[in-house]
Amino acid sequence: MIFKLTIFTFCLVGIHVSTAGRSSGFWRGKKFSQDGPTKNPVFKGVDSNVQTLWFDQLLDHNDPTNPTTWKQRYYVNDEYFKNDDGSGPLFLMIGGEGEATVRWMTEGAWIHYAQEYGALCFQLEHRFYGKSHPTDDLSTKNLAYLSSEQALADLAYFIEAMKDKYQLGRGNRWIAFGGSYPGSLAAWLREKYPYLVHGSISSSGPLLAKIDFREYFEVVTNSLQRYSAECVDAVRSSMIQVETLLKHMIGQRNLNENFKLCDPVEKSIANDLDISSLFEAIASNFAGVVQYNKDNSPHARLTIDEVCDVMMNQTIGVPVMRLAAVNAMVMKQDNVTCLDYVYEKTIKQMQNTSWDSDVANGARQWTYQTCNEFGFYQTSDNTTLVFGNRFPAEFFTRQCSDVYGRRFDQNALSRAIYRTNTNYGALNPGTTNVLYVHGSIDPWHRLGLTESNDINLPTIFIDGTAHCANMYEPKEDDFPQLKNARVQISSFIGRLLKVDYDYDY
């Protein structure tokens with residue numbers, strides 16, 4: 001269970017990690033999908049205009065005495081590039097906490113913008129993810145080179161190299177795109193390197209680092225409430241009933257069978273960490289449906305309406321049986337046969353430092369970043385809450401120490417959070433030319449910029465849409481407000497590309 005990384009999502013590739021029955025491509029709700037923006041038949045495939053290339057990148061941008069380099073993967077699509085007058089724009093899709101996918105080079109809303117404005121398109125894979133391996137393994141010592149600051153410097157060095165390679169001038173403006181964590185990077189790239197990047201589209205990007213992200217399940221609850229108060233009541237009752245079943249042998253066997261647990265719960269009943277892991281796994285499976293609501297995210301095949309219909313269907317049985325039915329739906333969607341929740345087993349898997357391990361798909365790396373920079377832990381620590389009190393912040397910070405060593409304790413993380421927010425400005429960014437886009441049912445909007453009275457901090461808050469919804473391939477049946485948001489984004493890009501070249505950074 002624990003293996004469910006911060007239900008986040010690298011929208012482009014996109015946390016339930018594929019370990020011993022865990023949902024493939026997830027960890028604490030964070031999606032590690034390699035499927036790209038869509039799975040529908042309209043995918044054009046890779047054509048001759050898309051190139052897979054490798055860039056010699058520095059290992060440590062903070063140490064000029066260290067000349068070590070490594071190969072960083074990137075993609076290029078020059079199909080739409082128009083540079084006759086020397087002002088053709090450059091679009092940069094930022095990779096994040098999962099493998100970069102070539103599919104994004106021919107699909108997604110940004111490709112439509114590239115067609116409209118004649119842009120040359122790049123996608124740079126994030127260090128330590130996908131095939132971009134800066135070090136021999138994922139040891140904690142080597143992960144010291146994994147940080148948002150190093151990733152931003154990677155992007156800056158990449159841009160400088162591409163300017164030379166393609167003989168680009170001052171008239172060729174760079175626009176950065178990113179969703180979720182890469183959405184944060186897109187905003188921070190413009191903030192830290194304004195002389196390189198003229199503007200950014202930051203989609204669903206959290207700007208506020210925070211250990212106790214209790215607001216996550218608040219938004220999940222509000223999204224369910226929006227459908228029906230009865231649905232919320234049923235979920236609350238079901239979690240209480242799980243607590244009750246845990247107290248008796250017959251109830252424990254009932255949980256084993258109906259929730260398809262990989263290990264019998266009666267063996268772990270005395271272990272509070274296992275029980276916390278079980279509750280967090282069940283809650284995150286449910287919450288993942290909200291974050292990736294099928295109505296506007298190709299990552300999921302389930303909708304809030306569908307799971308609430310199940311939770312209110314009394315013919316299935318008492319609420320806990322309906323919760324088990326929802327859990328089964330999510331597991332089927334993620335092609336998982338059993339729900340893994342045993343704490344020590346998960347910790348042992350997470351301690352594997354090999355690039356060939358299951359957790360090398362992003363789980364070990366991203367968890368390190370949460371333990372060393374961001375927190376982002378989706379907590380529930382009160383019996384009055386819909387998902388109970390079994391997974392407080394301490395449950396997650398303990399995992400940091402158990403996986404990476406005792407020095408990664410809560411005090412260290414508190415200092416790291418302070419450093420991150422001081423470094424980037426949190427919800428008071430000093431950026432210009434960045435458009436911040438969020439969806440109202442995406443829990444991550446609570447850590448992002450959703451409204452502003454400052455003309456230099458434009459925002460779009462899309463009612464009724466999920467995580468990174470604006471980034472995916474447009475469809476005829478998209479919500480009107482989603483269609484309108486894409487029009488506004490395109491207009492914003494157009495204004496960036498028409499601004500006088502003497503713009504004062």
# chains A, B, ... in the order shown; residues from 1 in each chain; ligands from 1
>>> residues_around(residues="Phe279 of chain A", least_positions_apart="6", cutoff="8 Å", atoms="only C-alpha atoms", output="VMD selection string")
chain A and resid 387 390 to 391
>>> closest_atom_pairs(of="segment 83-166 of chain A", to="segment 464-485 of chain A", cutoff="7 Å", atoms="only C-alpha atoms", output="CSV")
residue,atom,partner,partner_atom,distance
A:Glu107,CA,A:Glu473,CA,6.0
A:Gly108,CA,A:Glu473,CA,4.1
A:Ala109,CA,A:Glu473,CA,5.3
A:Trp110,CA,A:Met471,CA,7.0
>>> write_last_selection(atoms="C-alpha atoms", output="JSON list (two decimals), in the first residue's frame")
[["chain", "number", "residue", "atom", "x", "y", "z"],
["A", 107, "GLU", "CA", -0.38, 14.66, -29.52],
["A", 108, "GLY", "CA", -1.70, 16.95, -26.84],
["A", 109, "ALA", "CA", -2.97, 20.52, -26.85],
["A", 110, "TRP", "CA", 0.55, 21.91, -27.11]]
>>> residues_around(residues="Leu208 of chain A", least_positions_apart="5", cutoff="8 Å", atoms="only C-alpha atoms", output="PyMOL selection string")
chain A and resi 421+426-427+447-448
>>> select_by_dssp(residues="segment 394-444 of chain A", states="strand (DSSP E or B)", output="PyMOL selection string")
chain A and resi 434-439
>>> write_last_selection(atoms="N, CA and C atoms", output="PDB file, in the first residue's frame")
ATOM      1  N   VAL A 434       3.939  33.939 -17.082  1.00  0.00           N
ATOM      2  CA  VAL A 434       3.563  32.567 -16.741  1.00  0.00           C
ATOM      3  C   VAL A 434       2.060  32.514 -16.547  1.00  0.00           C
ATOM      4  N   LEU A 435       1.418  31.567 -17.216  1.00  0.00           N
ATOM      5  CA  LEU A 435      -0.019  31.356 -17.061  1.00  0.00           C
ATOM      6  C   LEU A 435      -0.223  30.112 -16.203  1.00  0.00           C
ATOM      7  N   TYR A 436      -0.916  30.271 -15.075  1.00  0.00           N
ATOM      8  CA  TYR A 436      -1.163  29.175 -14.143  1.00  0.00           C
ATOM      9  C   TYR A 436      -2.568  28.622 -14.382  1.00  0.00           C
ATOM     10  N   VAL A 437      -2.643  27.318 -14.685  1.00  0.00           N
ATOM     11  CA  VAL A 437      -3.916  26.693 -15.044  1.00  0.00           C
ATOM     12  C   VAL A 437      -4.220  25.551 -14.077  1.00  0.00           C
ATOM     13  N   HIS A 438      -5.443  25.525 -13.539  1.00  0.00           N
ATOM     14  CA  HIS A 438      -5.854  24.467 -12.614  1.00  0.00           C
ATOM     15  C   HIS A 438      -7.308  24.067 -12.869  1.00  0.00           C
ATOM     16  N   GLY A 439      -7.670  22.874 -12.406  1.00  0.00           N
ATOM     17  CA  GLY A 439      -9.041  22.385 -12.467  1.00  0.00           C
ATOM     18  C   GLY A 439      -9.633  22.280 -11.072  1.00  0.00           C
TER      19      GLY A 439
END
>>> closest_atom_pairs(of="segment 349-378 of chain A", to="segment 131-142 of chain A", cutoff="6 Å", atoms="only C-alpha atoms", output="CSV")
residue,atom,partner,partner_atom,distance
A:Thr353,CA,A:Leu138,CA,4.5
A:Ser354,CA,A:Asp137,CA,5.4
A:Trp355,CA,A:Asp137,CA,5.9
